[in-house]
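Notes for the one structure printed next.
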2 protein chains.
Amino acid sequence: MAQPRFQRRKEDRPQEISDAAFEVFAAKGYAAARVDEVAKRAGVSKGLLYLYFKTKEELFKAVIKSVVTRRVDALLIAVDETELSSEAFMRGPLLEFMKQIPRSPVAVVIRLLIAEGQRHPDLVDYYWDNVVSKGLKAISRFVERGIERGEFRKTALKELPQLVVAPTMLSMIWRILFTQRELDTDKLMDTHIEMILAYIKA
Amino acid sequence: MAQPRFQRRKEDRPQEISDAAFEVFAAKGYAAARVDEVAKRAGVSKGLLYLYFKTKEELFKAVIKSVVTRRVDALLIAVDETELSSEAFMRGPLLEFMKQIPRSPVAVVIRLLIAEGQRHPDLVDYYWDNVVSKGLKAISRFVERGIERGEFRKTALKELPQLVVAPTMLSMIWRILFTQRELDTDKLMDTHIEMILAYIKA
DNA sequence: ATAGTTAATGACCGCTTGGTCAGCAAGCTC
DNA sequence: GAGCTTGCTGACCAAGCGGTCATTAACTAT
């Protein structure tokens with residue numbers, strides 16, 4: 001039938017391998033993930049994988065970085081460009097954002113970082129610079145702007161943007177550990193936003 | 001000199017090995033932890049380790065369980081026996097509890113569970129039954145009692161005890177990932193308790 | 001002392017797995 | 001279609017590691 005044994009697709013391979021690797025790392029964690037399985041899942045020989053990625057560790061880092069999407073950037077832009085009142089923004093786009101995160105691949109990345117972060121400090125730094133630091137600053141700016149506009153009281157929340165996203169964090173961990181136990185993430189976020197507003201509204 | 005090559009100390013060995021294992025697991029995670037290193041750190045041969053623990057996995061489970069101390073039970077009892085007003089209890093013992101947890105070995109256990117939980121569902125179940133479930137119920141009961149006494153308004157918080165401990169969770173994750181970056185855990189908890197009270201006080 | 005019991009040792013084994021490389025063949029050029 | 005480049009394969013290797021067991025020696029009873 002002259003079915004060729006393989007095709008040469010230099011352009012697509014790295015992404016395909018990276019996608020497969022994400023699945024395997026997500027399912028097994030770093031140490032228990034087998035390079036052979038990644039290759040198999042990508043429909044590729046192990047040799048080829050090592051042509052595109054020098055080591056298993058480099059593959060891991062590439063995968064993590066590739067998932068750090070522009071999700072956070074979207075929020076940053078929304079904060080700066082919104083014409084909503086601060087309260088309406090919190091009840092709308094911000095709330096929606098917080099509800100979405102725990103369902104997204106970000107949760108998987110968090111798990112991998114928690115598990116393997118100690119051994120890959122540069123990965124943690126990367127995540128800090130590109131996600132955490134940016135996100136927290138955006139929240140701080142948002143709160144500050146609310147105060148300047150007279151919509152919010154002056155509270156410690158400005159220096160503690162972590163407090164705003166704490167339930168998001170909890171929800172992510174919950175899903176990682178207790179997938180089968182119930183947690184009404186949406187209600188959690190709704191109530192949390194209500195609570196913050198009750199505390200800071202001018 | 002007749003210095004004996006070793007002593008027989010049947011009673012103490014398991015705990016010594018378990019302690020050493022905790023250190024190694026904490027530092028390396030499950031998969032990267034070496035049984036040889038645990039034995040070495042416990043000042044014991046690998047063979048002896050396998051006399052007291054059948055497999056590496058059983059050792060891991062024993063370690064996790066041994067750290068699930070009565071910390072939570074202490075809180076439960078405090079809730080039931082306190083003579084403080086609900087508000088005073090939140091500002092006092094509860095707040096203190098939330099501040100302490102992130103600094104305790106519980107944080108390490110959480111990390112190990114997040115990393116390895118998927119592969120050891122019975123461990124997760126154990127942790128759920130002995131820590132999470134109990135703790136959340138205690139918080140729910142506490143909130144409910146506050147409502148009955150007329151100290152608190154009736155809010156969704158009763159069904160969302162997770163919201164109370166969310167910053168504790170975040171603080172733990174923060175310490176695990178971003179040890180060197182600053183986070184004023186105490187201020188975070190203070191503000192959070194203030195916020196909750198502002199929301200639920202009758 | 002002596003014999004018996006068992007806590008403790010550490011050399012050893014087999015398997016797993018990350019990583020290599022000599023060779024093969026897809027596809028391009030002329 | 002001959003020849004060349006290079007994407008791709010998969011058998012192979014060395015190291016590391018969990019787990020075993022024959023042997024040793026610390027302790028006990030008599």
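We name chains A, B, ... following the order of the structure tokens; residues begin at 1 in each chain, and ligands are numbered from 1 as shown.
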Problem - All residues 9 Å or closer to Lys46 (chain A), only C-alpha atoms (C1' of nucleotides), same chain fewer than 6 positions away omitted, as a list in words - result: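 Listing them by chain and then by number gives Val35, Asp36, Glu37, Val38, Ala39 and Lys40 of chain A; DT9 and DG10 of chain D.
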Write the selection just made, keeping N, CA, C and O atoms (P, O5', C5', C4', C3', O3' and C1' of nucleotides), as a PDB file, in the first residue's frame?
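In the end it all went to part_6.pdb:
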```pdb
ATOM      1  N   VAL A  35       9.152   8.988  30.059  1.00  0.00           N
ATOM      2  CA  VAL A  35       9.442   9.606  28.768  1.00  0.00           C
ATOM      3  C   VAL A  35       8.900   8.736  27.638  1.00  0.00           C
ATOM      4  O   VAL A  35       8.375   9.242  26.647  1.00  0.00           O
ATOM      5  N   ASP A  36       9.023   7.424  27.809  1.00  0.00           N
ATOM      6  CA  ASP A  36       8.493   6.515  26.796  1.00  0.00           C
ATOM      7  C   ASP A  36       7.002   6.752  26.553  1.00  0.00           C
ATOM      8  O   ASP A  36       6.538   6.726  25.418  1.00  0.00           O
ATOM      9  N   GLU A  37       6.286   6.980  27.643  1.00  0.00           N
ATOM     10  CA  GLU A  37       4.847   7.154  27.491  1.00  0.00           C
ATOM     11  C   GLU A  37       4.528   8.467  26.789  1.00  0.00           C
ATOM     12  O   GLU A  37       3.599   8.538  25.980  1.00  0.00           O
ATOM     13  N   VAL A  38       5.286   9.490  27.116  1.00  0.00           N
ATOM     14  CA  VAL A  38       5.081  10.760  26.424  1.00  0.00           C
ATOM     15  C   VAL A  38       5.266  10.565  24.921  1.00  0.00           C
ATOM     16  O   VAL A  38       4.428  10.977  24.108  1.00  0.00           O
ATOM     17  N   ALA A  39       6.353   9.905  24.573  1.00  0.00           N
ATOM     18  CA  ALA A  39       6.649   9.674  23.153  1.00  0.00           C
ATOM     19  C   ALA A  39       5.524   8.884  22.496  1.00  0.00           C
ATOM     20  O   ALA A  39       5.027   9.242  21.427  1.00  0.00           O
ATOM     21  N   LYS A  40       5.121   7.826  23.166  1.00  0.00           N
ATOM     22  CA  LYS A  40       4.062   6.979  22.637  1.00  0.00           C
ATOM     23  C   LYS A  40       2.792   7.786  22.407  1.00  0.00           C
ATOM     24  O   LYS A  40       2.144   7.695  21.360  1.00  0.00           O
TER      25      LYS A  40
ATOM     26  P    DT D   9       9.322   8.469  14.431  1.00  0.00           P
ATOM     27  O5'  DT D   9      10.305   7.227  14.389  1.00  0.00           O
ATOM     28  C5'  DT D   9      10.351   6.427  13.225  1.00  0.00           C
ATOM     29  C4'  DT D   9      11.305   5.266  13.401  1.00  0.00           C
ATOM     30  C3'  DT D   9      11.075   4.443  14.670  1.00  0.00           C
ATOM     31  O3'  DT D   9      10.877   3.087  14.308  1.00  0.00           O
ATOM     32  C1'  DT D   9      13.380   5.045  14.457  1.00  0.00           C
ATOM     33  P    DG D  10       9.961   2.117  15.245  1.00  0.00           P
ATOM     34  O5'  DG D  10      11.053   1.311  16.063  1.00  0.00           O
ATOM     35  C5'  DG D  10      12.128   0.702  15.369  1.00  0.00           C
ATOM     36  C4'  DG D  10      13.222   0.309  16.337  1.00  0.00           C
ATOM     37  C3'  DG D  10      12.734  -0.235  17.692  1.00  0.00           C
ATOM     38  O3'  DG D  10      13.674  -1.202  18.131  1.00  0.00           O
ATOM     39  C1'  DG D  10      14.120   1.568  18.069  1.00  0.00           C
TER      40       DG D  10
END
```
Exercise for the section: Starting from chain A, keep only residues with some atom at most 8 Å from an atom of chain B, counting only C-alpha atoms, and report them as a ChimeraX atom specification. Expected result: /A:29,31-32,111-118,124,156-157,160,162-163,166-167,169-170,173,176-178,188,191-192,195-196,198-199
Handout entry: Test item: residues at most 10 Å from Gly150 (chain B), only C-alpha atoms (C1' of nucleotides), excluding those fewer than 4 positions along its chain, as a PyMOL selection string
Key = chain B and resi 144-146+154+201-202
Got time to write the residues from that selection, C-alpha atoms, as a PDB file, in the first residue's frame?
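Now in part31.pdb:
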```pdb
ATOM      1  CA  GLU B 144     -24.591  28.115  63.408  1.00  0.00           C
ATOM      2  CA  ARG B 145     -24.329  28.557  67.136  1.00  0.00           C
ATOM      3  CA  GLY B 146     -23.504  32.207  66.630  1.00  0.00           C
ATOM      4  CA  LYS B 154     -27.931  34.299  58.781  1.00  0.00           C
ATOM      5  CA  LYS B 201     -22.174  40.400  62.714  1.00  0.00           C
ATOM      6  CA  ALA B 202     -25.781  40.868  63.670  1.00  0.00           C
TER       7      ALA B 202
END
```
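If we count only C-alpha atoms (C1' of nucleotides), these residues of chain A sit within 9 Å of chain D: Phe6, Gln7, Arg8, Arg9, Lys10, Val44, Ser45, Lys46, Gly47 and Leu48 of chain A.
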Practice task
Tell me, in Å to one decimal, how far CA of Phe60 (chain A) is from CA of Arg34 (chain A).
Solution key: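 Computed distance, CA of Phe60 (chain A) to CA of Arg34 (chain A), equals 11.6 Å.
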Exercise for the section: Please determine the contact residues of chain C with respect to chain B at a cut-off of 8 Å, counting only C-alpha atoms (C1' of nucleotides), and supply them as number ranges by chain. Expected result: C: 7-10
Exercise for the section: From a DSSP pass on the backbone, collect the residues of region 25-176 of chain A flagged as alpha helix (DSSP H) and hand them back as JSON, numbers by chain. Expected result: {"A": [25, 26, 27, 28, 35, 36, 37, 38, 39, 40, 41, 46, 47, 48, 49, 50, 51, 52, 56, 57, 58, 59, 60, 61, 62, 63, 64, 65, 66, 67, 71, 72, 73, 74, 75, 76, 77, 78, 79, 80, 81, 86, 87, 88, 89, 95, 96, 97, 98, 99, 100, 106, 107, 108, 109, 110, 111, 112, 113, 114, 115, 116, 121, 122, 123, 124, 125, 126, 127, 133, 134, 135, 136, 137, 138, 139, 140, 141, 142, 143, 144, 145, 146, 147, 148, 161, 162, 163, 164, 165, 166, 167, 168, 169, 170, 171, 172, 173, 174, 175, 176]}
Practice task
Do a neighbour search on Arg41 (chain B) at 10 Å with only C-alpha atoms (C1' of nucleotides), toss out local chain neighbours closer than 6 positions, and write the hits as a list in words.
Solution key: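 Near neighbours after the sequence-gap exclusion: Glu16, Ile17, Asp19, Ala20, Ala21, Glu23, Val24 and Val35 of chain B.
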